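This is protein.cif (mmCIF, C-alpha atoms).
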```
data_model
loop_
_atom_site.group_PDB
_atom_site.id
_atom_site.type_symbol
_atom_site.label_atom_id
_atom_site.label_comp_id
_atom_site.auth_asym_id
_atom_site.auth_seq_id
_atom_site.Cartn_x
_atom_site.Cartn_y
_atom_site.Cartn_z
ATOM 1 C CA MET A 122 0.946 -3.847 -17.229
ATOM 2 C CA SER A 123 0.743 -0.107 -17.568
ATOM 3 C CA ILE A 124 -1.258 2.259 -15.427
ATOM 4 C CA ASN A 125 -0.928 5.738 -16.823
ATOM 5 C CA ALA A 126 -0.869 8.826 -14.670
ATOM 6 C CA SER A 127 -3.220 11.462 -16.021
ATOM 7 C CA GLU A 128 -2.120 14.425 -13.925
ATOM 8 C CA ASN A 129 1.265 15.679 -12.786
ATOM 9 C CA HIS A 130 1.313 16.911 -9.183
ATOM 10 C CA PHE A 131 3.940 18.436 -6.920
ATOM 11 C CA PHE A 132 4.885 14.965 -5.701
ATOM 12 C CA ASP A 133 6.761 12.906 -8.291
ATOM 13 C CA THR A 134 8.978 10.118 -7.175
ATOM 14 C CA GLU A 135 10.508 6.960 -8.482
ATOM 15 C CA CYS A 136 9.694 3.749 -6.687
ATOM 16 C CA SER A 137 11.296 0.348 -6.967
ATOM 17 C CA CYS A 138 11.371 -3.108 -5.513
ATOM 18 C CA PRO A 139 14.172 -3.830 -3.003
ATOM 19 C CA CYS A 140 16.570 -5.116 -5.704
ATOM 20 C CA GLY A 141 15.964 -2.019 -7.855
ATOM 21 C CA LYS A 142 15.316 -3.913 -11.114
ATOM 22 C CA THR A 143 11.582 -3.148 -11.198
ATOM 23 C CA ARG A 144 11.002 0.605 -11.195
ATOM 24 C CA PHE A 145 7.868 2.732 -11.507
ATOM 25 C CA GLN A 146 6.674 6.310 -11.019
ATOM 26 C CA VAL A 147 4.171 7.740 -8.539
ATOM 27 C CA GLU A 148 3.038 11.227 -9.504
ATOM 28 C CA THR A 149 1.055 12.277 -6.442
ATOM 29 C CA LYS A 150 1.486 12.088 -2.688
ATOM 30 C CA PRO A 151 -0.205 9.059 -1.106
ATOM 31 C CA ILE A 152 -3.642 9.799 0.322
ATOM 32 C CA LEU A 153 -3.264 7.374 3.221
ATOM 33 C CA ARG A 154 -0.522 5.602 5.159
ATOM 34 C CA PHE A 155 -0.868 2.896 7.811
ATOM 35 C CA PHE A 156 0.976 -0.132 9.171
ATOM 36 C CA CYS A 157 -0.449 -3.574 8.345
ATOM 37 C CA HIS A 158 0.272 -6.579 10.569
ATOM 38 C CA CYS A 159 -1.697 -9.169 8.557
ATOM 39 C CA LYS A 160 -0.160 -12.612 7.988
ATOM 40 C CA ILE A 161 0.095 -12.039 4.211
ATOM 41 C CA CYS A 162 2.127 -8.847 4.686
ATOM 42 C CA GLN A 163 4.324 -10.537 7.282
ATOM 43 C CA GLN A 164 5.016 -13.383 4.863
ATOM 44 C CA LEU A 165 5.611 -11.201 1.777
ATOM 45 C CA TYR A 166 7.744 -8.537 3.470
ATOM 46 C CA GLY A 167 9.587 -10.917 5.804
ATOM 47 C CA LYS A 168 8.985 -8.709 8.829
ATOM 48 C CA GLY A 169 6.362 -7.953 11.479
ATOM 49 C CA PHE A 170 4.354 -5.426 9.464
ATOM 50 C CA SER A 171 4.282 -3.463 6.238
ATOM 51 C CA ASP A 172 4.268 0.322 5.807
ATOM 52 C CA VAL A 173 1.302 0.770 3.436
ATOM 53 C CA ASN A 174 0.815 3.897 1.306
ATOM 54 C CA VAL A 175 -2.340 4.250 -0.787
ATOM 55 C CA VAL A 176 -2.467 6.116 -4.117
ATOM 56 C CA ARG A 177 -5.119 6.200 -6.856
ATOM 57 C CA THR A 178 -3.821 4.041 -9.709
ATOM 58 C CA LYS A 179 -4.295 6.867 -12.214
ATOM 59 C CA HIS A 180 -1.231 8.459 -10.598
ATOM 60 C CA VAL A 181 0.979 5.383 -11.016
ATOM 61 C CA LEU A 182 2.978 4.414 -14.103
ATOM 62 C CA LEU A 183 4.027 0.765 -14.012
ATOM 63 C CA PRO A 184 6.434 -0.980 -16.397
ATOM 64 C CA GLU A 185 5.066 -3.270 -19.098
ATOM 65 C CA ASN A 186 6.809 -6.289 -17.539
ATOM 66 C CA GLY A 187 8.817 -7.284 -14.477
ATOM 67 C CA ILE A 188 5.864 -7.610 -12.068
ATOM 68 C CA GLU A 189 4.085 -10.908 -11.379
ATOM 69 C CA PHE A 190 0.592 -10.477 -9.878
ATOM 70 C CA SER A 191 -1.126 -12.960 -7.550
ATOM 71 C CA THR A 192 -4.111 -12.974 -5.216
ATOM 72 C CA TYR A 193 -3.560 -14.499 -1.774
ATOM 73 C CA ARG A 194 -7.162 -14.652 -0.569
ATOM 74 C CA ALA A 195 -10.667 -14.659 -2.016
ATOM 75 C CA PRO A 196 -11.904 -11.475 -3.743
ATOM 76 C CA PRO A 197 -12.310 -8.686 -3.075
ATOM 77 C CA ALA A 198 -8.610 -8.771 -2.416
ATOM 78 C CA LEU A 199 -5.443 -7.046 -3.439
ATOM 79 C CA GLN A 200 -3.706 -8.210 -6.573
ATOM 80 C CA ARG A 201 -0.217 -8.289 -5.085
ATOM 81 C CA GLY A 202 2.622 -7.667 -7.503
ATOM 82 C CA LEU A 203 6.059 -9.142 -6.865
ATOM 83 C CA CYS A 204 9.267 -8.314 -8.696
ATOM 84 C CA ALA A 205 10.045 -11.008 -11.264
ATOM 85 C CA HIS A 206 13.734 -10.796 -10.251
ATOM 86 C CA CYS A 207 13.841 -10.660 -6.423
ATOM 87 C CA GLN A 208 10.270 -11.871 -5.675
ATOM 88 C CA LYS A 209 9.760 -8.984 -3.227
ATOM 89 C CA PRO A 210 6.598 -6.831 -3.143
ATOM 90 C CA VAL A 211 6.360 -4.017 -5.684
ATOM 91 C CA ILE A 212 2.715 -2.896 -5.529
ATOM 92 C CA GLY A 213 -0.782 -4.082 -4.653
ATOM 93 C CA LEU A 214 -3.769 -3.179 -6.830
ATOM 94 C CA LEU A 215 -7.406 -3.095 -5.755
ATOM 95 C CA THR A 216 -10.583 -2.265 -7.656
ATOM 96 C CA SER A 217 -13.206 -1.871 -4.948
ATOM 97 C CA LEU A 218 -15.914 -0.066 -6.924
ATOM 98 C CA PRO A 219 -16.267 0.743 -10.620
ATOM 99 C CA GLY A 220 -13.952 3.662 -11.271
ATOM 100 C CA LEU A 221 -12.218 3.344 -7.898
ATOM 101 C CA LYS A 222 -8.844 1.722 -8.399
ATOM 102 C CA LEU A 223 -6.214 1.970 -5.702
ATOM 103 C CA ALA A 224 -2.527 1.120 -5.467
ATOM 104 C CA PHE A 225 -0.944 -0.015 -2.200
ATOM 105 C CA ILE A 226 2.796 0.647 -2.097
ATOM 106 C CA ALA A 227 5.274 -0.101 0.688
ATOM 107 C CA GLY A 228 6.969 2.962 2.138
ATOM 108 C CA GLU A 229 10.364 1.357 1.587
ATOM 109 C CA ASN A 230 9.700 1.303 -2.167
ATOM 110 C CA PHE A 231 9.559 5.135 -2.389
ATOM 111 C CA SER A 232 12.768 7.003 -3.186
ATOM 112 C CA LYS A 233 11.494 10.086 -1.300
ATOM 113 C CA GLN A 234 10.314 8.472 1.938
ATOM 114 C CA GLU A 235 10.620 11.767 3.818
ATOM 115 C CA GLN A 236 7.711 13.126 1.738
ATOM 116 C CA LEU A 237 5.277 10.383 2.701
ATOM 117 C CA PRO A 238 2.305 11.308 4.895
ATOM 118 C CA ALA A 239 2.344 10.485 8.595
ATOM 119 C CA PRO A 240 0.949 7.009 9.370
ATOM 120 C CA LEU A 241 -2.520 6.962 10.945
ATOM 121 C CA GLY A 242 -2.287 3.686 12.856
ATOM 122 C CA HIS A 243 -1.833 -0.067 12.879
ATOM 123 C CA VAL A 244 -4.353 -2.581 11.481
ATOM 124 C CA PHE A 245 -4.655 -6.334 11.997
ATOM 125 C CA TYR A 246 -2.786 -5.703 15.246
ATOM 126 C CA HIS A 247 -4.074 -9.008 16.675
ATOM 127 C CA ARG A 248 -1.472 -10.600 14.336
ATOM 128 C CA LYS A 249 1.403 -8.459 15.652
ATOM 129 C CA GLN A 250 4.765 -10.130 16.155
ATOM 130 C CA ALA A 251 5.879 -7.453 18.635
ATOM 131 C CA ASN A 252 4.342 -4.440 20.350
ATOM 132 C CA CYS A 253 4.759 -1.074 18.639
ATOM 133 C CA ASP A 254 4.951 1.713 21.224
ATOM 134 C CA ASP A 255 4.532 4.665 18.861
ATOM 135 C CA GLY A 256 1.349 6.256 20.215
ATOM 136 C CA LEU A 257 -0.670 5.390 17.084
ATOM 137 C CA PRO A 258 -4.067 3.635 17.284
ATOM 138 C CA LYS A 259 -3.908 -0.172 17.240
ATOM 139 C CA ILE A 260 -6.877 -1.885 15.547
ATOM 140 C CA GLU A 261 -7.419 -5.577 16.291
ATOM 141 C CA GLY A 262 -9.651 -8.047 14.476
ATOM 142 C CA TYR A 263 -10.235 -8.640 10.788
ATOM 143 C CA LEU A 264 -13.539 -6.780 10.367
ATOM 144 C CA ARG A 265 -12.531 -3.911 12.665
ATOM 145 C CA SER A 266 -9.287 -3.494 10.709
ATOM 146 C CA GLU A 267 -11.057 -3.514 7.336
ATOM 147 C CA TRP A 268 -13.621 -1.023 8.674
ATOM 148 C CA GLN A 269 -10.898 1.280 10.037
ATOM 149 C CA ILE A 270 -9.055 1.333 6.708
ATOM 150 C CA SER A 271 -12.341 2.301 5.036
ATOM 151 C CA LYS A 272 -12.938 5.054 7.606
ATOM 152 C CA TRP A 273 -9.470 6.473 6.985
ATOM 153 C CA LEU A 274 -9.778 6.148 3.224
ATOM 154 C CA LEU A 275 -13.285 7.404 2.390
ATOM 155 C CA PRO A 276 -12.870 11.049 3.449
ATOM 156 C CA ARG A 277 -9.605 11.230 1.485
ATOM 157 C CA LEU A 278 -11.258 9.878 -1.649
ATOM 158 C CA ILE A 279 -14.005 12.499 -1.731
ATOM 159 C CA LYS A 280 -11.620 15.465 -1.448
#
```
How does this structure look as structure tokens?
Amino acid sequence: MSINASENHFFDTECSCPCGKTRFQVETKPILRFFCHCKICQQLYGKGFSDVNVVRTKHVLLPENGIEFSTYRAPPALQRGLCAHCQKPVIGLLTSLPGLKLAFIAGENFSKQEQLPAPLGHVFYHRKQANCDDGLPKIEGYLRSEWQISKWLLPRLIK
């Protein structure tokens, strides 16, 4: 599957799955970063939460093969892509509205992690495995978490 980047920005980094066999490019800085404590992320990442970075898919160039996509809950839901080799998360894809396609990429998959934006908070915190004392907002509940992600995301999409 190929998602072609149409513009080249100051941020250009290579990303990969944990084993390094599935590589892809992100050509713009993520517009949003947060920590997700949902059960799906806990299961896929094998830890208490995931470090989620959101980018428009037009700024992502994926390989033609090496990623296996699945949906873990009813639509609208992320199409979560796992590396065909290590079965670890590579990228999540979401089409929420016509023309609005987003990629969700774990912070650990970026080669230039120091250039990622500061995280805005924690969502699905009612599913936390341990407390996170980092001073960031903690959003509990499914609908409140979904709403908060939308509130963080919308102003960044209209810029």
Quick one: of A:Lys272, A:Lys280, A:His158, A:Arg265, who's nearest to A:Cys253, counting all atoms listed in the file?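 When distances to A:Cys253 are compared using all atoms listed in the file, the smallest one comes from A:His158.
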Neighbourhood query: residues within 10 Å of (14.2, -14.4, 2.7), file coordinates, counting only C-alpha atoms; return as number ranges by chain. A: 164-168, 207-209
One decimal, in Å: what's the spacing between atom CA of A:Phe245 and atom CA of A:Gly141?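 Those two atoms sit 28.9 Å apart.
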What separates atom CA of A:Gln236 and atom CA of A:Ser191 is a distance of 29.1 Å
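Pairwise distance (atom CA of A:Leu214, atom CA of A:Cys138) equals 15.2 Å.
When all atoms listed in the file are used to measure the gap to A:Tyr263, the shortest distance among A:His180, A:Leu218, A:Val173, A:Cys157 belongs to A:Cys157.
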Would you mind listing what lies within 10 Å of stretch 159-163 of chain A as a PyMOL selection string, with all atoms listed in the file counted and same-chain residues fewer than 3 positions away left out? chain A and resi 156+166-173+193-194+210+244-250+262-263+266
Please evaluate the PyMOL selection byres ((chain A and resi 213) around 12) against the structure above and give the resulting residues as a PyMOL selection string. chain A and resi 161-162+165+173-178+181+183+188-193+198-204+209-212+214-216+222-227
Residues of stretch 142-213 of chain A at most 10 Å from stretch 273-276 of chain A: nearest atom pair and distance in Å, only C-alpha atoms, as a tab-separated table:
```
residue	atom	partner	partner_atom	distance
A:Ile152	CA	A:Leu274	CA	7.7
A:Leu153	CA	A:Leu274	CA	6.6
A:Arg154	CA	A:Trp273	CA	9.2
A:Phe155	CA	A:Trp273	CA	9.4
A:Val175	CA	A:Leu274	CA	8.7
```
Carefully work through the PyMOL selection byres ((chain A and resi 237) around 9) for this structure and note down the residues it includes, as a list in words.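 Residues picked by the PyMOL selection byres ((chain A and resi 237) around 9): Lys150, Pro151, Arg154, Asn174, Gly228, Phe231, Lys233, Gln234, Glu235, Gln236, Pro238, Ala239 and Pro240 of chain A.
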Restricting it to C-alpha atoms, dump the selection as a compact mmCIF listing (two decimals), in the coordinates of the input.
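Full text of result-v3.txt as output:
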```txt
# COMPACT_ATOMS: atom_id res chain seq x y z
CA LYS A 150 1.49 12.09 -2.69
CA PRO A 151 -0.20 9.06 -1.11
CA ARG A 154 -0.52 5.60 5.16
CA ASN A 174 0.82 3.90 1.31
CA GLY A 228 6.97 2.96 2.14
CA PHE A 231 9.56 5.14 -2.39
CA LYS A 233 11.49 10.09 -1.30
CA GLN A 234 10.31 8.47 1.94
CA GLU A 235 10.62 11.77 3.82
CA GLN A 236 7.71 13.13 1.74
CA PRO A 238 2.31 11.31 4.89
CA ALA A 239 2.34 10.48 8.60
CA PRO A 240 0.95 7.01 9.37
```
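The residues that lie within 8 Å of the point (7.8, 7.0, -10.1), counting only C-alpha atoms, are A:Asp133, A:Thr134, A:Glu135, A:Cys136, A:Arg144, A:Phe145, A:Gln146, A:Val147, A:Glu148, A:Val181, A:Leu182.
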Go through A:Ser232, A:Lys179, A:Glu185, A:His206 one by one, measure the shortest atom-to-atom distance of each to A:Cys140 using only C-alpha atoms, and give the residue with the smallest value.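 Ranked by minimum distance to A:Cys140, first place goes to A:His206.
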